[in-house]
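Asks: First the structure, which I've put down as structure tokens, then a few questions once you've had a look.
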Amino acid sequence: MIGRQHLQVQRKREHETREETTIPTRVFVPTADIYETKDVLAVILEMPGVEKDQITVRVEDGLLYVEGRLDLTKYQGLQPLYIEYNIGHYSRSFQLSSKIDQTKIAAALNDGVLSLTLPKVEDAKPRVITIS
Amino acid sequence: MINSFADPLDVLLSLQRALDAQTGSGWLQNQTASQGPFPPINVFQKGDDVLAIIELPGVEKSDLQIQAKENTIRISGKKTTNYPEGSVHRRERVFGEFDRTLSLPIQLDPDRIRAEFRDGVLALMLPRAESEKPRTIKIT
């Protein structure tokens with residue numbers, strides 16, 4: 001352990017929902033990285049254990065919603081011996097700027113990491129509104 | 001004489017006992033020089049065997065090494081990123097190398113350990129060694 005920095009465990013942040021749940025589940029905020037290149041804005045979210053078909057990405061009123069549901073049935077019948085982290089679903093939303101082409105958003109899932117590519121619009125030109 | 005107050009030493013003693021039970025439980029002892037709190041590990045019992053589930057989102061299979069010896073499992077590797085050049089708006093994920101040893105209070109059968117890595121979650125099926133399993137003794 002000389003001079004080498006070890007990764008620290010990040011505490012999972014629990015999602016603050018306004019609605020109450022009917023079944024006792026936890027919802028966490030996935031850790032995210034956001035970066036911008038010349039053409040795209042990329043949102044990278046960590047959602048370990050979530051399968052591809054259990055992810056919902058939707059755009060509504062300029063908000064980008066990402067939801068990942070964990071298959072909790074895999075944990076049924078398991079007796080915990082030593083627990084370091086909690087499991088639950090993932091949910092997070094982001095406000096999109098008008099410079100994003102909301103129809104061309106692409107998503108890919110690799111090793112529990114969801115990468116969303118949000119292309120910028122070709123021309124973010126201001127429109128002139130004529131007074132009739 | 002008032003007996004209703006709890007003895008402050010009792011409180012300390014129960015804390016001491018709780019800490020002793022934690023450290024003496026046989027889980028995750030410092031058995032190798034390689035230690036770190038990452039990645040977080042959950043351990044479950046499944047029948048006779050033990051199932052360890054480890055969250056490693058963003059780690060590629062080729063960057064992950066698992067070694068087993070008697071009753072210890074070593075998980076090491078690195079978590080890297082390949083973001084292109086550009087401006088960063090948000091940085092929450094962590095990257096780097098990790099090396100962690102899980103020590104179990106039971107003897108394992110290293111040849112029968114199965115590892116499965118899917119969607120950033122590593123599941124290790126750790127079968128109990130044959131010599132550890134209880135035997136029924138027939139009464140003659």
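In the structure tokens, chains take letters A, B, ... by order of appearance, with residues numbered from 1 within each chain and ligands from 1 in the order shown.
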Could you give me, as a Markdown table, every chain A residue with an atom at most 8 Å from chain B, plus its closest atom pair and distance in Å to one decimal, counting only C-alpha atoms, rows ordered by chain then number?

Replies:
| residue | atom | partner | partner_atom | distance |
| --- | --- | --- | --- | --- |
| A:Met1 | CA | B:Ser34 | CA | 6.5 |
| A:Gln5 | CA | B:Glu97 | CA | 7.7 |
| A:His6 | CA | B:Phe98 | CA | 5.8 |
| A:Leu7 | CA | B:Phe38 | CA | 5.6 |
| A:Gln8 | CA | B:Phe38 | CA | 5.6 |
| A:Val9 | CA | B:Phe38 | CA | 5.2 |
| A:Thr31 | CA | B:Glu92 | CA | 5.7 |
| A:Ala32 | CA | B:Glu92 | CA | 5.5 |
| A:Asp33 | CA | B:Arg91 | CA | 4.7 |
| A:Ile34 | CA | B:Arg90 | CA | 4.8 |
| A:Tyr35 | CA | B:Val88 | CA | 4.2 |
| A:Glu36 | CA | B:Ser87 | CA | 5.3 |
| A:Thr37 | CA | B:Gly86 | CA | 4.7 |
| A:Lys38 | CA | B:Gly86 | CA | 7.5 |
| A:Glu46 | CA | B:Pro57 | CA | 6.1 |
| A:Met47 | CA | B:Pro57 | CA | 6.9 |
| A:Pro48 | CA | B:Gly120 | CA | 4.9 |
| A:Gly49 | CA | B:Asp119 | CA | 5.1 |
| A:Val50 | CA | B:Asp119 | CA | 6.4 |
| A:Glu51 | CA | B:Asp119 | CA | 6.5 |
| A:Gly77 | CA | B:Lys46 | CA | 7.7 |
| A:Leu78 | CA | B:Lys46 | CA | 5.7 |
| A:Gln79 | CA | B:Gln45 | CA | 5.0 |
| A:Pro80 | CA | B:Phe44 | CA | 4.3 |
| A:Leu81 | CA | B:Phe44 | CA | 5.1 |
| A:Tyr82 | CA | B:Val43 | CA | 4.9 |
| A:Ile83 | CA | B:Asn42 | CA | 4.6 |
| A:Glu84 | CA | B:Asn42 | CA | 5.6 |
| A:Tyr85 | CA | B:Pro40 | CA | 6.5 |
| A:Asn110 | CA | B:Asp119 | CA | 6.8 |
| A:Asp111 | CA | B:Gly120 | CA | 4.2 |
| A:Gly112 | CA | B:Asp119 | CA | 4.1 |
| A:Val113 | CA | B:Gly58 | CA | 5.6 |

Asks: Just N, CA and C atoms for this one: save the residues we selected as a CSV table (one decimal), in the first residue's frame.

Replies:
chain,number,residue,atom,x,y,z
A,1,MET,N,0.8,-1.2,0.0
A,1,MET,CA,0.0,0.0,0.0
A,1,MET,C,0.9,1.2,0.0
A,5,GLN,N,-3.0,5.2,-4.4
A,5,GLN,CA,-4.3,5.6,-3.9
A,5,GLN,C,-5.4,4.6,-4.2
A,6,HIS,N,-6.1,4.2,-3.2
A,6,HIS,CA,-7.2,3.3,-3.5
A,6,HIS,C,-8.5,4.0,-3.7
A,7,LEU,N,-9.3,3.4,-4.5
A,7,LEU,CA,-10.6,3.9,-4.8
A,7,LEU,C,-11.4,3.9,-3.5
A,8,GLN,N,-12.2,4.9,-3.3
A,8,GLN,CA,-13.1,5.0,-2.1
A,8,GLN,C,-14.5,4.6,-2.5
A,9,VAL,N,-15.2,4.1,-1.6
A,9,VAL,CA,-16.6,3.7,-1.9
A,9,VAL,C,-17.5,4.9,-1.8
A,31,THR,N,-25.0,7.8,-9.9
A,31,THR,CA,-23.9,8.8,-10.1
A,31,THR,C,-23.7,9.0,-11.6
A,32,ALA,N,-23.5,10.3,-11.9
A,32,ALA,CA,-23.4,10.7,-13.3
A,32,ALA,C,-22.2,11.6,-13.6
A,33,ASP,N,-21.8,11.4,-14.8
A,33,ASP,CA,-20.8,12.3,-15.4
A,33,ASP,C,-21.4,13.0,-16.6
A,34,ILE,N,-21.2,14.2,-16.8
A,34,ILE,CA,-21.7,14.9,-18.0
A,34,ILE,C,-20.6,15.7,-18.6
A,35,TYR,N,-20.4,15.4,-19.9
A,35,TYR,CA,-19.4,16.2,-20.6
A,35,TYR,C,-20.0,16.6,-22.0
A,36,GLU,N,-19.3,17.6,-22.5
A,36,GLU,CA,-19.8,18.2,-23.8
A,36,GLU,C,-18.6,18.2,-24.8
A,37,THR,N,-19.0,17.8,-26.0
A,37,THR,CA,-18.0,17.9,-27.1
A,37,THR,C,-18.6,18.9,-28.1
A,38,LYS,N,-17.9,19.0,-29.2
A,38,LYS,CA,-18.4,19.9,-30.3
A,38,LYS,C,-19.8,19.7,-30.7
A,46,GLU,N,-24.2,5.5,-13.8
A,46,GLU,CA,-23.9,4.2,-13.3
A,46,GLU,C,-25.1,3.6,-12.7
A,47,MET,N,-25.5,2.4,-13.3
A,47,MET,CA,-26.6,1.7,-12.7
A,47,MET,C,-26.3,0.2,-12.7
A,48,PRO,N,-25.5,-0.2,-11.7
A,48,PRO,CA,-25.1,-1.6,-11.7
A,48,PRO,C,-26.2,-2.5,-11.4
A,49,GLY,N,-26.3,-3.6,-12.2
A,49,GLY,CA,-27.3,-4.7,-12.0
A,49,GLY,C,-28.6,-4.5,-12.8
A,50,VAL,N,-28.7,-3.4,-13.4
A,50,VAL,CA,-29.9,-3.1,-14.2
A,50,VAL,C,-29.8,-3.7,-15.6
A,51,GLU,N,-30.7,-4.4,-16.0
A,51,GLU,CA,-30.7,-5.0,-17.4
A,51,GLU,C,-31.2,-4.0,-18.4
A,77,GLY,N,-34.7,-15.3,-1.2
A,77,GLY,CA,-34.3,-16.5,-0.7
A,77,GLY,C,-32.8,-16.5,-0.2
A,78,LEU,N,-32.2,-15.4,-0.4
A,78,LEU,CA,-30.8,-15.3,0.0
A,78,LEU,C,-30.7,-14.7,1.5
A,79,GLN,N,-29.9,-15.3,2.3
A,79,GLN,CA,-29.8,-14.9,3.6
A,79,GLN,C,-28.6,-14.0,3.8
A,80,PRO,N,-28.7,-12.8,4.1
A,80,PRO,CA,-27.6,-11.9,4.2
A,80,PRO,C,-26.6,-12.2,5.4
A,81,LEU,N,-25.4,-12.3,5.1
A,81,LEU,CA,-24.4,-12.6,6.1
A,81,LEU,C,-23.6,-11.3,6.4
A,82,TYR,N,-23.3,-10.5,5.4
A,82,TYR,CA,-22.4,-9.4,5.6
A,82,TYR,C,-22.8,-8.4,4.5
A,83,ILE,N,-23.3,-7.2,4.9
A,83,ILE,CA,-23.8,-6.3,4.0
A,83,ILE,C,-23.1,-4.9,4.0
A,84,GLU,N,-22.7,-4.5,2.9
A,84,GLU,CA,-21.9,-3.2,2.8
A,84,GLU,C,-22.7,-2.1,2.0
A,85,TYR,N,-23.6,-2.6,1.1
A,85,TYR,CA,-24.3,-1.6,0.4
A,85,TYR,C,-25.8,-2.0,0.2
A,110,ASN,N,-23.4,-0.5,-21.1
A,110,ASN,CA,-22.2,-1.3,-21.1
A,110,ASN,C,-21.8,-1.5,-19.6
A,111,ASP,N,-21.7,-2.8,-19.2
A,111,ASP,CA,-21.2,-3.1,-17.8
A,111,ASP,C,-21.9,-2.3,-16.7
A,112,GLY,N,-23.2,-2.1,-16.8
A,112,GLY,CA,-23.9,-1.4,-15.8
A,112,GLY,C,-23.8,0.1,-15.9
A,113,VAL,N,-23.3,0.6,-17.0
A,113,VAL,CA,-23.1,2.1,-17.2
A,113,VAL,C,-23.9,2.5,-18.4

Asks: Just asking: which residues within stretch 24-113 of chain B are helix (DSSP H, G or I) according to DSSP, as an MDAnalysis selection string?

Replies: chainID B and resid 61:63 110:112

Asks: Kindly save the residues from that selection, with N, CA and C atoms included, as a compact mmCIF listing (two decimals), in the first residue's frame.

Replies:
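Listed below is the output, out-v2.txt:
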# COMPACT_ATOMS: atom_id res chain seq x y z
N LYS B 61 -14.55 -6.56 -18.16
CA LYS B 61 -14.22 -7.91 -17.72
C LYS B 61 -12.72 -8.18 -17.80
N SER B 62 -12.09 -7.65 -18.83
CA SER B 62 -10.66 -7.88 -19.03
C SER B 62 -9.81 -7.14 -18.00
N ASP B 63 -10.39 -6.16 -17.33
CA ASP B 63 -9.65 -5.39 -16.33
C ASP B 63 -9.86 -5.91 -14.92
N PRO B 110 -11.56 -23.99 -3.97
CA PRO B 110 -11.17 -23.00 -5.01
C PRO B 110 -11.46 -23.46 -6.43
N ASP B 111 -11.47 -24.77 -6.66
CA ASP B 111 -11.70 -25.26 -8.02
C ASP B 111 -13.14 -25.13 -8.47
N ARG B 112 -14.03 -25.01 -7.52
CA ARG B 112 -15.44 -24.96 -7.89
C ARG B 112 -16.04 -23.55 -7.81

Asks: Among the residues of chain B, find those DSSP assigns to strand (DSSP E) from the backbone and print them as a ChimeraX atom specification.

Replies: /B:41-46,49-55,64-69,72-79,87-91,96-103,114-118,121-126

Asks: Would you save the residues from that selection as a PDB file, in the first residue's frame, using C-alpha atoms?

Replies:
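Final output, result-v6.pdb:
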ATOM      1  CA  ILE B  41     -19.212  -6.374  -1.120  1.00  0.00           C
ATOM      2  CA  ASN B  42     -22.428  -8.036  -0.009  1.00  0.00           C
ATOM      3  CA  VAL B  43     -22.234 -11.607   1.197  1.00  0.00           C
ATOM      4  CA  PHE B  44     -25.221 -13.941   1.235  1.00  0.00           C
ATOM      5  CA  GLN B  45     -25.775 -17.505   2.230  1.00  0.00           C
ATOM      6  CA  LYS B  46     -27.326 -19.780  -0.343  1.00  0.00           C
ATOM      7  CA  ASP B  49     -22.611 -22.193  -0.080  1.00  0.00           C
ATOM      8  CA  VAL B  50     -21.771 -18.532   0.071  1.00  0.00           C
ATOM      9  CA  LEU B  51     -22.633 -15.964  -2.589  1.00  0.00           C
ATOM     10  CA  ALA B  52     -20.692 -12.707  -2.771  1.00  0.00           C
ATOM     11  CA  ILE B  53     -22.142  -9.886  -4.847  1.00  0.00           C
ATOM     12  CA  ILE B  54     -19.927  -6.976  -5.791  1.00  0.00           C
ATOM     13  CA  GLU B  55     -20.938  -3.827  -7.629  1.00  0.00           C
ATOM     14  CA  LEU B  64     -10.871  -7.592 -13.519  1.00  0.00           C
ATOM     15  CA  GLN B  65      -8.833 -10.275 -11.745  1.00  0.00           C
ATOM     16  CA  ILE B  66     -10.092 -12.736  -9.172  1.00  0.00           C
ATOM     17  CA  GLN B  67      -7.810 -14.984  -7.165  1.00  0.00           C
ATOM     18  CA  ALA B  68      -8.857 -17.578  -4.636  1.00  0.00           C
ATOM     19  CA  LYS B  69      -6.889 -19.326  -1.930  1.00  0.00           C
ATOM     20  CA  THR B  72      -9.643 -15.743   0.863  1.00  0.00           C
ATOM     21  CA  ILE B  73     -10.730 -14.145  -2.385  1.00  0.00           C
ATOM     22  CA  ARG B  74      -8.807 -11.296  -3.894  1.00  0.00           C
ATOM     23  CA  ILE B  75     -10.554  -8.926  -6.265  1.00  0.00           C
ATOM     24  CA  SER B  76      -8.347  -6.469  -8.090  1.00  0.00           C
ATOM     25  CA  GLY B  77      -8.459  -4.425 -11.211  1.00  0.00           C
ATOM     26  CA  LYS B  78      -8.872  -0.979 -12.573  1.00  0.00           C
ATOM     27  CA  LYS B  79     -11.705   1.256 -13.567  1.00  0.00           C
ATOM     28  CA  SER B  87     -15.612  20.347 -21.361  1.00  0.00           C
ATOM     29  CA  VAL B  88     -16.808  18.565 -18.256  1.00  0.00           C
ATOM     30  CA  HIS B  89     -20.038  19.700 -16.660  1.00  0.00           C
ATOM     31  CA  ARG B  90     -20.366  17.144 -13.937  1.00  0.00           C
ATOM     32  CA  ARG B  91     -17.985  14.641 -12.438  1.00  0.00           C
ATOM     33  CA  GLY B  96      -8.674   4.240 -10.484  1.00  0.00           C
ATOM     34  CA  GLU B  97      -7.202   0.977  -9.314  1.00  0.00           C
ATOM     35  CA  PHE B  98      -8.646  -1.259  -6.661  1.00  0.00           C
ATOM     36  CA  ASP B  99      -7.494  -4.278  -4.758  1.00  0.00           C
ATOM     37  CA  ARG B 100      -9.519  -5.931  -2.076  1.00  0.00           C
ATOM     38  CA  THR B 101      -9.356  -9.194  -0.222  1.00  0.00           C
ATOM     39  CA  LEU B 102     -12.409 -10.913   1.147  1.00  0.00           C
ATOM     40  CA  SER B 103     -11.712 -13.345   3.912  1.00  0.00           C
ATOM     41  CA  ARG B 114     -17.809 -19.647 -10.243  1.00  0.00           C
ATOM     42  CA  ALA B 115     -17.684 -15.990 -11.200  1.00  0.00           C
ATOM     43  CA  GLU B 116     -20.296 -14.219 -13.248  1.00  0.00           C
ATOM     44  CA  PHE B 117     -20.030 -10.614 -14.361  1.00  0.00           C
ATOM     45  CA  ARG B 118     -23.151  -9.034 -15.800  1.00  0.00           C
ATOM     46  CA  VAL B 121     -22.322  -6.711 -11.016  1.00  0.00           C
ATOM     47  CA  LEU B 122     -19.936  -9.490 -10.109  1.00  0.00           C
ATOM     48  CA  ALA B 123     -21.452 -12.570  -8.507  1.00  0.00           C
ATOM     49  CA  LEU B 124     -19.106 -15.078  -6.917  1.00  0.00           C
ATOM     50  CA  MET B 125     -20.436 -18.499  -6.018  1.00  0.00           C
ATOM     51  CA  LEU B 126     -18.186 -19.723  -3.272  1.00  0.00           C
TER      52      LEU B 126
END
